[in-house]
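Below: one structure, written as structure tokens.
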Amino acid sequence: MASSLTCTGVIWALLSLLCAAASCVGFFMPYWLLGTQMDKPVSFGTFRRCSYPVRDEEKQITVMVEQCGRYASFHGIPSLHWRICTVVTGVGCGLLLLVALTGVMGCCISDLISRTIGRVAGGIQFVGGLLIGSGCALYPLGWDSEEVQQTCSNSSDQFKLGSCQIGWAYYCTGAGAATAMLLCTWLSCFAGKKQKHYPY
């Protein structure tokens, strides 16, 4: 099976796939911020949350529904910063996934990735990692929203967690982006074989 990648390029393609998977999984999981409300564990992502309060009209009390789901609409996301974070991180994950799949296809298809295309792919990875990193940096700006404060003992604020803590999905997303931005971008410079010269 012909490949358009060097040995370094194969490592780049596999690492790119791992980084994209880590960032995408972290982005879609609602475990960026962890806390408790009414003695029930509550967690938030950028556009999803687990456990939410619902008013029981029959008993006239508020109960916690222990289910995970996304917000009913984009405007239902409790913070403008989280909406921006959702879009920016989503676009970044899309770019990382696109480059990773192209890299994996380069393992099987000859003449797909030249030195130039490898470097362009690395540039796209850098931009994708930068977007995801920006999303991770924006996320703490939404900790002053009412929903988060209810979960964090009314003591959270921008860049102040209160009684909550950062979840594994936040770290997973950021680590995937940082590795793609720093290591994969560098490896991409050596990923493609030299461009073949055709006699026409």
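Letters for chains follow the order of the structure tokens (A, B, ...), residue numbers begin at 1 for each chain, and ligand numbers begin at 1 in the order shown.
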Practice problem: Compile the contact shell of region 61-69 of chain A as number ranges by chain: residues with an atom at most 6 Å away, counting only C-alpha atoms, same-chain residues fewer than 2 positions apart removed. | Solution: A: 48-56, 59
Residue set, chain A restricted to strand (DSSP E or B), as a PDB file with all heavy atoms, in the first residue's frame:
ATOM      1  N   LEU A   5       3.265   9.680   3.111  1.00  0.00           N
ATOM      2  CA  LEU A   5       3.855  10.201   4.346  1.00  0.00           C
ATOM      3  C   LEU A   5       5.207   9.559   4.637  1.00  0.00           C
ATOM      4  O   LEU A   5       5.438   8.400   4.331  1.00  0.00           O
ATOM      5  CB  LEU A   5       2.914   9.926   5.528  1.00  0.00           C
ATOM      6  CG  LEU A   5       1.556  10.615   5.503  1.00  0.00           C
ATOM      7  CD1 LEU A   5       0.700  10.120   6.650  1.00  0.00           C
ATOM      8  CD2 LEU A   5       1.703  12.118   5.575  1.00  0.00           C
ATOM      9  N   LEU A  33     -17.309  21.594  34.204  1.00  0.00           N
ATOM     10  CA  LEU A  33     -17.434  22.207  35.523  1.00  0.00           C
ATOM     11  C   LEU A  33     -18.302  21.311  36.389  1.00  0.00           C
ATOM     12  O   LEU A  33     -19.395  20.916  35.971  1.00  0.00           O
ATOM     13  CB  LEU A  33     -18.067  23.598  35.384  1.00  0.00           C
ATOM     14  CG  LEU A  33     -18.174  24.452  36.644  1.00  0.00           C
ATOM     15  CD1 LEU A  33     -16.791  24.833  37.159  1.00  0.00           C
ATOM     16  CD2 LEU A  33     -18.985  25.708  36.368  1.00  0.00           C
ATOM     17  N   LEU A  34     -17.815  20.975  37.585  1.00  0.00           N
ATOM     18  CA  LEU A  34     -18.518  20.041  38.459  1.00  0.00           C
ATOM     19  C   LEU A  34     -18.906  20.726  39.764  1.00  0.00           C
ATOM     20  O   LEU A  34     -18.110  21.459  40.346  1.00  0.00           O
ATOM     21  CB  LEU A  34     -17.638  18.829  38.769  1.00  0.00           C
ATOM     22  CG  LEU A  34     -16.974  18.122  37.575  1.00  0.00           C
ATOM     23  CD1 LEU A  34     -16.003  17.065  38.066  1.00  0.00           C
ATOM     24  CD2 LEU A  34     -18.014  17.515  36.655  1.00  0.00           C
ATOM     25  N   GLY A  35     -20.135  20.472  40.207  1.00  0.00           N
ATOM     26  CA  GLY A  35     -20.603  21.033  41.473  1.00  0.00           C
ATOM     27  C   GLY A  35     -21.781  20.232  41.998  1.00  0.00           C
ATOM     28  O   GLY A  35     -22.073  19.136  41.506  1.00  0.00           O
ATOM     29  N   THR A  36     -22.477  20.766  43.000  1.00  0.00           N
ATOM     30  CA  THR A  36     -23.657  20.098  43.552  1.00  0.00           C
ATOM     31  C   THR A  36     -24.776  21.108  43.750  1.00  0.00           C
ATOM     32  O   THR A  36     -24.524  22.291  44.012  1.00  0.00           O
ATOM     33  CB  THR A  36     -23.352  19.433  44.919  1.00  0.00           C
ATOM     34  OG1 THR A  36     -22.828  20.419  45.808  1.00  0.00           O
ATOM     35  CG2 THR A  36     -22.374  18.292  44.775  1.00  0.00           C
ATOM     36  N   GLN A  37     -25.982  20.609  43.608  1.00  0.00           N
ATOM     37  CA  GLN A  37     -27.163  21.429  43.849  1.00  0.00           C
ATOM     38  C   GLN A  37     -28.229  20.525  44.452  1.00  0.00           C
ATOM     39  O   GLN A  37     -28.500  19.450  43.904  1.00  0.00           O
ATOM     40  CB  GLN A  37     -27.657  22.052  42.533  1.00  0.00           C
ATOM     41  CG  GLN A  37     -28.755  23.085  42.712  1.00  0.00           C
ATOM     42  CD  GLN A  37     -29.105  23.771  41.393  1.00  0.00           C
ATOM     43  OE1 GLN A  37     -28.405  23.636  40.389  1.00  0.00           O
ATOM     44  NE2 GLN A  37     -30.196  24.503  41.398  1.00  0.00           N
ATOM     45  N   LYS A  40     -27.274  16.919  44.903  1.00  0.00           N
ATOM     46  CA  LYS A  40     -27.130  16.097  43.702  1.00  0.00           C
ATOM     47  C   LYS A  40     -25.945  16.613  42.894  1.00  0.00           C
ATOM     48  O   LYS A  40     -25.741  17.819  42.785  1.00  0.00           O
ATOM     49  CB  LYS A  40     -28.383  16.141  42.825  1.00  0.00           C
ATOM     50  CG  LYS A  40     -29.664  15.718  43.528  1.00  0.00           C
ATOM     51  CD  LYS A  40     -29.729  14.229  43.701  1.00  0.00           C
ATOM     52  CE  LYS A  40     -31.092  13.821  44.293  1.00  0.00           C
ATOM     53  NZ  LYS A  40     -31.135  12.411  44.635  1.00  0.00           N
ATOM     54  N   PRO A  41     -25.149  15.712  42.299  1.00  0.00           N
ATOM     55  CA  PRO A  41     -24.028  16.186  41.467  1.00  0.00           C
ATOM     56  C   PRO A  41     -24.536  16.846  40.189  1.00  0.00           C
ATOM     57  O   PRO A  41     -25.432  16.327  39.522  1.00  0.00           O
ATOM     58  CB  PRO A  41     -23.254  14.898  41.155  1.00  0.00           C
ATOM     59  CG  PRO A  41     -24.238  13.788  41.338  1.00  0.00           C
ATOM     60  CD  PRO A  41     -25.206  14.248  42.380  1.00  0.00           C
ATOM     61  N   VAL A  42     -23.975  17.999  39.867  1.00  0.00           N
ATOM     62  CA  VAL A  42     -24.342  18.758  38.671  1.00  0.00           C
ATOM     63  C   VAL A  42     -23.074  19.029  37.882  1.00  0.00           C
ATOM     64  O   VAL A  42     -22.017  19.300  38.468  1.00  0.00           O
ATOM     65  CB  VAL A  42     -25.020  20.098  39.054  1.00  0.00           C
ATOM     66  CG1 VAL A  42     -25.351  20.913  37.816  1.00  0.00           C
ATOM     67  CG2 VAL A  42     -26.280  19.860  39.864  1.00  0.00           C
ATOM     68  N   SER A  43     -23.156  18.929  36.574  1.00  0.00           N
ATOM     69  CA  SER A  43     -21.991  19.245  35.743  1.00  0.00           C
ATOM     70  C   SER A  43     -22.423  20.030  34.510  1.00  0.00           C
ATOM     71  O   SER A  43     -23.544  19.880  34.020  1.00  0.00           O
ATOM     72  CB  SER A  43     -21.256  17.964  35.336  1.00  0.00           C
ATOM     73  OG  SER A  43     -22.106  17.105  34.618  1.00  0.00           O
ATOM     74  N   PHE A  44     -21.513  20.869  34.040  1.00  0.00           N
ATOM     75  CA  PHE A  44     -21.757  21.725  32.879  1.00  0.00           C
ATOM     76  C   PHE A  44     -20.694  21.499  31.817  1.00  0.00           C
ATOM     77  O   PHE A  44     -19.528  21.272  32.141  1.00  0.00           O
ATOM     78  CB  PHE A  44     -21.692  23.206  33.269  1.00  0.00           C
ATOM     79  CG  PHE A  44     -22.732  23.658  34.234  1.00  0.00           C
ATOM     80  CD1 PHE A  44     -22.490  23.634  35.596  1.00  0.00           C
ATOM     81  CD2 PHE A  44     -23.963  24.121  33.793  1.00  0.00           C
ATOM     82  CE1 PHE A  44     -23.440  24.068  36.500  1.00  0.00           C
ATOM     83  CE2 PHE A  44     -24.919  24.553  34.687  1.00  0.00           C
ATOM     84  CZ  PHE A  44     -24.668  24.531  36.051  1.00  0.00           C
ATOM     85  N   ARG A  48     -24.052  21.802  27.147  1.00  0.00           N
ATOM     86  CA  ARG A  48     -24.798  20.701  27.778  1.00  0.00           C
ATOM     87  C   ARG A  48     -24.640  20.777  29.285  1.00  0.00           C
ATOM     88  O   ARG A  48     -23.700  21.387  29.779  1.00  0.00           O
ATOM     89  CB  ARG A  48     -24.264  19.349  27.287  1.00  0.00           C
ATOM     90  CG  ARG A  48     -24.396  19.127  25.794  1.00  0.00           C
ATOM     91  CD  ARG A  48     -23.807  17.796  25.382  1.00  0.00           C
ATOM     92  NE  ARG A  48     -24.646  16.718  25.868  1.00  0.00           N
ATOM     93  CZ  ARG A  48     -24.217  15.468  26.057  1.00  0.00           C
ATOM     94  NH1 ARG A  48     -22.959  15.159  25.825  1.00  0.00           N
ATOM     95  NH2 ARG A  48     -25.028  14.538  26.490  1.00  0.00           N
ATOM     96  N   ARG A  49     -25.570  20.139  30.000  1.00  0.00           N
ATOM     97  CA  ARG A  49     -25.422  20.021  31.446  1.00  0.00           C
ATOM     98  C   ARG A  49     -26.053  18.732  31.928  1.00  0.00           C
ATOM     99  O   ARG A  49     -26.907  18.155  31.240  1.00  0.00           O
ATOM    100  CB  ARG A  49     -26.001  21.232  32.187  1.00  0.00           C
ATOM    101  CG  ARG A  49     -27.511  21.284  32.297  1.00  0.00           C
ATOM    102  CD  ARG A  49     -27.995  22.404  33.195  1.00  0.00           C
ATOM    103  NE  ARG A  49     -27.927  22.042  34.612  1.00  0.00           N
ATOM    104  CZ  ARG A  49     -28.191  22.874  35.606  1.00  0.00           C
ATOM    105  NH1 ARG A  49     -28.516  24.122  35.357  1.00  0.00           N
ATOM    106  NH2 ARG A  49     -28.114  22.468  36.852  1.00  0.00           N
ATOM    107  N   CYS A  50     -25.629  18.279  33.096  1.00  0.00           N
ATOM    108  CA  CYS A  50     -26.217  17.104  33.726  1.00  0.00           C
ATOM    109  C   CYS A  50     -26.853  17.527  35.041  1.00  0.00           C
ATOM    110  O   CYS A  50     -26.238  18.267  35.817  1.00  0.00           O
ATOM    111  CB  CYS A  50     -25.147  16.047  34.008  1.00  0.00           C
ATOM    112  SG  CYS A  50     -24.495  15.264  32.522  1.00  0.00           S
ATOM    113  N   SER A  51     -28.061  17.059  35.289  1.00  0.00           N
ATOM    114  CA  SER A  51     -28.875  17.351  36.472  1.00  0.00           C
ATOM    115  C   SER A  51     -29.341  18.807  36.450  1.00  0.00           C
ATOM    116  O   SER A  51     -28.523  19.727  36.390  1.00  0.00           O
ATOM    117  CB  SER A  51     -28.121  17.077  37.769  1.00  0.00           C
ATOM    118  OG  SER A  51     -27.759  15.720  37.847  1.00  0.00           O
ATOM    119  N   TYR A  52     -30.634  18.979  36.483  1.00  0.00           N
ATOM    120  CA  TYR A  52     -31.198  20.330  36.455  1.00  0.00           C
ATOM    121  C   TYR A  52     -32.483  20.366  37.286  1.00  0.00           C
ATOM    122  O   TYR A  52     -33.197  19.368  37.412  1.00  0.00           O
ATOM    123  CB  TYR A  52     -31.475  20.783  35.014  1.00  0.00           C
ATOM    124  CG  TYR A  52     -32.235  19.790  34.177  1.00  0.00           C
ATOM    125  CD1 TYR A  52     -33.628  19.823  34.100  1.00  0.00           C
ATOM    126  CD2 TYR A  52     -31.560  18.809  33.457  1.00  0.00           C
ATOM    127  CE1 TYR A  52     -34.331  18.898  33.339  1.00  0.00           C
ATOM    128  CE2 TYR A  52     -32.254  17.886  32.694  1.00  0.00           C
ATOM    129  CZ  TYR A  52     -33.631  17.944  32.637  1.00  0.00           C
ATOM    130  OH  TYR A  52     -34.319  17.024  31.882  1.00  0.00           O
ATOM    131  N   PRO A  53     -32.788  21.535  37.897  1.00  0.00           N
ATOM    132  CA  PRO A  53     -33.977  21.645  38.747  1.00  0.00           C
ATOM    133  C   PRO A  53     -35.253  21.804  37.924  1.00  0.00           C
ATOM    134  O   PRO A  53     -35.267  22.507  36.911  1.00  0.00           O
ATOM    135  CB  PRO A  53     -33.700  22.909  39.568  1.00  0.00           C
ATOM    136  CG  PRO A  53     -32.761  23.711  38.731  1.00  0.00           C
ATOM    137  CD  PRO A  53     -31.981  22.745  37.892  1.00  0.00           C
ATOM    138  N   VAL A  54     -36.309  21.113  38.362  1.00  0.00           N
ATOM    139  CA  VAL A  54     -37.621  21.208  37.711  1.00  0.00           C
ATOM    140  C   VAL A  54     -38.674  21.385  38.804  1.00  0.00           C
ATOM    141  O   VAL A  54     -38.599  20.742  39.853  1.00  0.00           O
ATOM    142  CB  VAL A  54     -37.922  19.939  36.873  1.00  0.00           C
ATOM    143  CG1 VAL A  54     -39.353  19.953  36.354  1.00  0.00           C
ATOM    144  CG2 VAL A  54     -36.961  19.812  35.712  1.00  0.00           C
ATOM    145  N   ARG A  55     -39.631  22.246  38.558  1.00  0.00           N
ATOM    146  CA  ARG A  55     -40.703  22.488  39.526  1.00  0.00           C
ATOM    147  C   ARG A  55     -41.768  21.410  39.400  1.00  0.00           C
ATOM    148  O   ARG A  55     -42.345  21.209  38.345  1.00  0.00           O
ATOM    149  CB  ARG A  55     -41.311  23.868  39.274  1.00  0.00           C
ATOM    150  CG  ARG A  55     -42.377  24.285  40.262  1.00  0.00           C
ATOM    151  CD  ARG A  55     -41.759  24.731  41.554  1.00  0.00           C
ATOM    152  NE  ARG A  55     -42.783  25.154  42.494  1.00  0.00           N
ATOM    153  CZ  ARG A  55     -42.608  25.279  43.783  1.00  0.00           C
ATOM    154  NH1 ARG A  55     -41.432  25.016  44.308  1.00  0.00           N
ATOM    155  NH2 ARG A  55     -43.573  25.671  44.576  1.00  0.00           N
ATOM    156  N   ASP A  56     -42.010  20.668  40.488  1.00  0.00           N
ATOM    157  CA  ASP A  56     -43.082  19.660  40.540  1.00  0.00           C
ATOM    158  C   ASP A  56     -44.349  20.362  41.020  1.00  0.00           C
ATOM    159  O   ASP A  56     -44.491  20.691  42.205  1.00  0.00           O
ATOM    160  CB  ASP A  56     -42.684  18.525  41.497  1.00  0.00           C
ATOM    161  CG  ASP A  56     -43.670  17.361  41.455  1.00  0.00           C
ATOM    162  OD1 ASP A  56     -44.833  17.574  41.047  1.00  0.00           O
ATOM    163  OD2 ASP A  56     -43.276  16.245  41.841  1.00  0.00           O
ATOM    164  N   ILE A  61     -42.961  21.516  44.900  1.00  0.00           N
ATOM    165  CA  ILE A  61     -41.554  21.566  45.298  1.00  0.00           C
ATOM    166  C   ILE A  61     -40.671  21.530  44.049  1.00  0.00           C
ATOM    167  O   ILE A  61     -41.129  21.158  42.967  1.00  0.00           O
ATOM    168  CB  ILE A  61     -41.169  20.382  46.234  1.00  0.00           C
ATOM    169  CG1 ILE A  61     -41.491  19.031  45.561  1.00  0.00           C
ATOM    170  CG2 ILE A  61     -41.843  20.498  47.585  1.00  0.00           C
ATOM    171  CD1 ILE A  61     -40.910  17.837  46.301  1.00  0.00           C
ATOM    172  N   THR A  62     -39.422  21.912  44.234  1.00  0.00           N
ATOM    173  CA  THR A  62     -38.445  21.828  43.147  1.00  0.00           C
ATOM    174  C   THR A  62     -37.629  20.557  43.334  1.00  0.00           C
ATOM    175  O   THR A  62     -37.114  20.303  44.426  1.00  0.00           O
ATOM    176  CB  THR A  62     -37.508  23.056  43.165  1.00  0.00           C
ATOM    177  OG1 THR A  62     -38.306  24.248  43.046  1.00  0.00           O
ATOM    178  CG2 THR A  62     -36.524  23.001  42.007  1.00  0.00           C
ATOM    179  N   VAL A  63     -37.553  19.757  42.273  1.00  0.00           N
ATOM    180  CA  VAL A  63     -36.802  18.504  42.334  1.00  0.00           C
ATOM    181  C   VAL A  63     -35.695  18.528  41.282  1.00  0.00           C
ATOM    182  O   VAL A  63     -35.784  19.246  40.286  1.00  0.00           O
ATOM    183  CB  VAL A  63     -37.712  17.270  42.105  1.00  0.00           C
ATOM    184  CG1 VAL A  63     -38.712  17.136  43.228  1.00  0.00           C
ATOM    185  CG2 VAL A  63     -38.416  17.346  40.760  1.00  0.00           C
ATOM    186  N   MET A  64     -34.646  17.753  41.518  1.00  0.00           N
ATOM    187  CA  MET A  64     -33.543  17.659  40.562  1.00  0.00           C
ATOM    188  C   MET A  64     -33.755  16.459  39.648  1.00  0.00           C
ATOM    189  O   MET A  64     -33.981  15.347  40.123  1.00  0.00           O
ATOM    190  CB  MET A  64     -32.210  17.501  41.290  1.00  0.00           C
ATOM    191  CG  MET A  64     -31.747  18.748  42.025  1.00  0.00           C
ATOM    192  SD  MET A  64     -31.411  20.151  40.951  1.00  0.00           S
ATOM    193  CE  MET A  64     -29.901  19.651  40.172  1.00  0.00           C
ATOM    194  N   VAL A  65     -33.727  16.703  38.354  1.00  0.00           N
ATOM    195  CA  VAL A  65     -33.812  15.629  37.363  1.00  0.00           C
ATOM    196  C   VAL A  65     -32.388  15.225  37.019  1.00  0.00           C
ATOM    197  O   VAL A  65     -31.612  16.035  36.501  1.00  0.00           O
ATOM    198  CB  VAL A  65     -34.572  16.089  36.098  1.00  0.00           C
ATOM    199  CG1 VAL A  65     -34.599  14.983  35.062  1.00  0.00           C
ATOM    200  CG2 VAL A  65     -35.978  16.533  36.448  1.00  0.00           C
ATOM    201  N   GLU A  66     -32.016  13.983  37.312  1.00  0.00           N
ATOM    202  CA  GLU A  66     -30.643  13.526  37.097  1.00  0.00           C
ATOM    203  C   GLU A  66     -30.480  12.937  35.696  1.00  0.00           C
ATOM    204  O   GLU A  66     -30.419  11.726  35.515  1.00  0.00           O
ATOM    205  CB  GLU A  66     -30.251  12.519  38.178  1.00  0.00           C
ATOM    206  CG  GLU A  66     -30.201  13.139  39.561  1.00  0.00           C
ATOM    207  CD  GLU A  66     -29.696  12.176  40.613  1.00  0.00           C
ATOM    208  OE1 GLU A  66     -28.483  11.889  40.629  1.00  0.00           O
ATOM    209  OE2 GLU A  66     -30.527  11.701  41.415  1.00  0.00           O
ATOM    210  N   GLN A  67     -30.453  13.824  34.721  1.00  0.00           N
ATOM    211  CA  GLN A  67     -30.253  13.440  33.320  1.00  0.00           C
ATOM    212  C   GLN A  67     -29.303  14.436  32.678  1.00  0.00           C
ATOM    213  O   GLN A  67     -29.187  15.572  33.132  1.00  0.00           O
ATOM    214  CB  GLN A  67     -31.579  13.458  32.558  1.00  0.00           C
ATOM    215  CG  GLN A  67     -32.564  12.401  32.986  1.00  0.00           C
ATOM    216  CD  GLN A  67     -33.885  12.507  32.219  1.00  0.00           C
ATOM    217  OE1 GLN A  67     -34.149  13.499  31.542  1.00  0.00           O
ATOM    218  NE2 GLN A  67     -34.712  11.493  32.343  1.00  0.00           N
ATOM    219  N   CYS A  68     -28.644  13.990  31.615  1.00  0.00           N
ATOM    220  CA  CYS A  68     -27.764  14.884  30.847  1.00  0.00           C
ATOM    221  C   CYS A  68     -28.447  15.255  29.540  1.00  0.00           C
ATOM    222  O   CYS A  68     -29.137  14.430  28.942  1.00  0.00           O
ATOM    223  CB  CYS A  68     -26.435  14.209  30.557  1.00  0.00           C
ATOM    224  SG  CYS A  68     -25.460  13.847  32.021  1.00  0.00           S
ATOM    225  N   GLY A  69     -28.259  16.466  29.108  1.00  0.00           N
ATOM    226  CA  GLY A  69     -28.832  16.892  27.838  1.00  0.00           C
ATOM    227  C   GLY A  69     -28.300  18.252  27.446  1.00  0.00           C
ATOM    228  O   GLY A  69     -27.674  18.949  28.241  1.00  0.00           O
ATOM    229  N   ARG A  70     -28.542  18.621  26.210  1.00  0.00           N
ATOM    230  CA  ARG A  70     -28.110  19.939  25.759  1.00  0.00           C
ATOM    231  C   ARG A  70     -29.235  20.939  26.033  1.00  0.00           C
ATOM    232  O   ARG A  70     -30.373  20.557  26.269  1.00  0.00           O
ATOM    233  CB  ARG A  70     -27.727  19.923  24.280  1.00  0.00           C
ATOM    234  CG  ARG A  70     -28.834  19.533  23.342  1.00  0.00           C
ATOM    235  CD  ARG A  70     -28.329  19.488  21.897  1.00  0.00           C
ATOM    236  NE  ARG A  70     -29.336  19.039  20.981  1.00  0.00           N
ATOM    237  CZ  ARG A  70     -30.318  19.763  20.505  1.00  0.00           C
ATOM    238  NH1 ARG A  70     -30.458  21.025  20.879  1.00  0.00           N
ATOM    239  NH2 ARG A  70     -31.188  19.270  19.660  1.00  0.00           N
ATOM    240  N   SER A 114       2.058  16.273   0.091  1.00  0.00           N
ATOM    241  CA  SER A 114       3.432  16.671  -0.238  1.00  0.00           C
ATOM    242  C   SER A 114       3.978  17.472   0.944  1.00  0.00           C
ATOM    243  O   SER A 114       3.278  17.697   1.935  1.00  0.00           O
ATOM    244  CB  SER A 114       3.431  17.534  -1.501  1.00  0.00           C
ATOM    245  OG  SER A 114       2.713  18.740  -1.252  1.00  0.00           O
ATOM    246  N   ASP A 157     -17.799  33.362  40.499  1.00  0.00           N
ATOM    247  CA  ASP A 157     -17.766  34.590  39.712  1.00  0.00           C
ATOM    248  C   ASP A 157     -16.797  34.333  38.564  1.00  0.00           C
ATOM    249  O   ASP A 157     -16.215  33.255  38.466  1.00  0.00           O
ATOM    250  CB  ASP A 157     -17.294  35.760  40.584  1.00  0.00           C
ATOM    251  CG  ASP A 157     -17.751  37.107  40.010  1.00  0.00           C
ATOM    252  OD1 ASP A 157     -18.260  37.140  38.877  1.00  0.00           O
ATOM    253  OD2 ASP A 157     -17.575  38.121  40.705  1.00  0.00           O
ATOM    254  N   LYS A 160     -13.567  32.594  39.184  1.00  0.00           N
ATOM    255  CA  LYS A 160     -13.629  32.202  40.589  1.00  0.00           C
ATOM    256  C   LYS A 160     -14.606  31.045  40.709  1.00  0.00           C
ATOM    257  O   LYS A 160     -15.796  31.203  40.433  1.00  0.00           O
ATOM    258  CB  LYS A 160     -14.076  33.385  41.446  1.00  0.00           C
ATOM    259  CG  LYS A 160     -14.085  33.091  42.927  1.00  0.00           C
ATOM    260  CD  LYS A 160     -14.609  34.287  43.699  1.00  0.00           C
ATOM    261  CE  LYS A 160     -14.831  33.910  45.149  1.00  0.00           C
ATOM    262  NZ  LYS A 160     -15.545  34.963  45.890  1.00  0.00           N
ATOM    263  N   GLN A 165     -15.569  22.697  40.927  1.00  0.00           N
ATOM    264  CA  GLN A 165     -14.222  22.358  40.461  1.00  0.00           C
ATOM    265  C   GLN A 165     -14.248  22.064  38.967  1.00  0.00           C
ATOM    266  O   GLN A 165     -15.286  21.744  38.410  1.00  0.00           O
ATOM    267  CB  GLN A 165     -13.660  21.171  41.234  1.00  0.00           C
ATOM    268  CG  GLN A 165     -14.493  19.904  41.118  1.00  0.00           C
ATOM    269  CD  GLN A 165     -13.962  18.790  41.998  1.00  0.00           C
ATOM    270  OE1 GLN A 165     -13.020  18.969  42.752  1.00  0.00           O
ATOM    271  NE2 GLN A 165     -14.570  17.625  41.907  1.00  0.00           N
ATOM    272  N   ILE A 166     -13.078  22.200  38.361  1.00  0.00           N
ATOM    273  CA  ILE A 166     -12.941  21.944  36.914  1.00  0.00           C
ATOM    274  C   ILE A 166     -12.989  20.437  36.690  1.00  0.00           C
ATOM    275  O   ILE A 166     -12.365  19.673  37.423  1.00  0.00           O
ATOM    276  CB  ILE A 166     -11.610  22.501  36.399  1.00  0.00           C
ATOM    277  CG1 ILE A 166     -11.563  23.993  36.677  1.00  0.00           C
ATOM    278  CG2 ILE A 166     -11.393  22.160  34.938  1.00  0.00           C
ATOM    279  CD1 ILE A 166     -11.466  24.916  35.557  1.00  0.00           C
ATOM    280  N   GLY A 192       5.181  15.175   4.872  1.00  0.00           N
ATOM    281  CA  GLY A 192       5.004  14.790   3.472  1.00  0.00           C
ATOM    282  C   GLY A 192       6.303  14.440   2.778  1.00  0.00           C
ATOM    283  O   GLY A 192       7.356  14.995   3.079  1.00  0.00           O
ATOM    284  N   LYS A 193       6.212  13.486   1.852  1.00  0.00           N
ATOM    285  CA  LYS A 193       7.370  13.183   1.014  1.00  0.00           C
ATOM    286  C   LYS A 193       7.535  14.309   0.005  1.00  0.00           C
ATOM    287  O   LYS A 193       6.599  15.067  -0.253  1.00  0.00           O
ATOM    288  CB  LYS A 193       7.149  11.851   0.285  1.00  0.00           C
ATOM    289  CG  LYS A 193       7.187  10.651   1.231  1.00  0.00           C
ATOM    290  CD  LYS A 193       6.965   9.351   0.483  1.00  0.00           C
ATOM    291  CE  LYS A 193       7.034   8.171   1.447  1.00  0.00           C
ATOM    292  NZ  LYS A 193       6.664   6.908   0.826  1.00  0.00           N
TER     293      LYS A 193
END
Exercise. Fewer than 3 positions away in the same chain doesn't count, so skip those; otherwise give me all residues within 12 Å of Gly122 (chain A), counting only C-alpha atoms, as number ranges by chain.
Key: A: 9, 12-13, 16, 95-96, 98-100, 102-103, 113, 115-119, 125-129, 179-192
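Residues in contact with region 17-29 of chain A at 8 Å, where only C-alpha atoms are counted and same-chain residues fewer than 4 positions away are skipped, are listed as Ala13, Gly45, Thr46, Arg48, Thr89, Gly90, Cys93, Leu96, Leu97, Ala100, Leu101, Val104, Trp168, Ala169, Tyr170, Tyr171, Cys172, Thr173, Gly174, Ala175, Gly176, Ala177, Thr179 and Ala180 of chain A.
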Quiz item: Which one of A:Leu14, A:Ile84, A:Ile109, A:Val91 sits closest to Phe47 (chain A) if you count only C-alpha atoms?
Solution: A:Ile84
Exercise. Would you return as a ChimeraX atom specification the members of region 23-168 of chain A that DSSP assigns to helix (DSSP H, G or I) on this structure's backbone?
Key: /A:23-28,74-76,80-106,115-144,146-151,168
Quiz prompt | Contact residues around Gln149 (chain A) with only C-alpha atoms at 10 Å, ignoring same-chain residues under 6 positions, as a VMD selection string | solution = chain A and resid 35 37 143 155 to 157 161 to 164
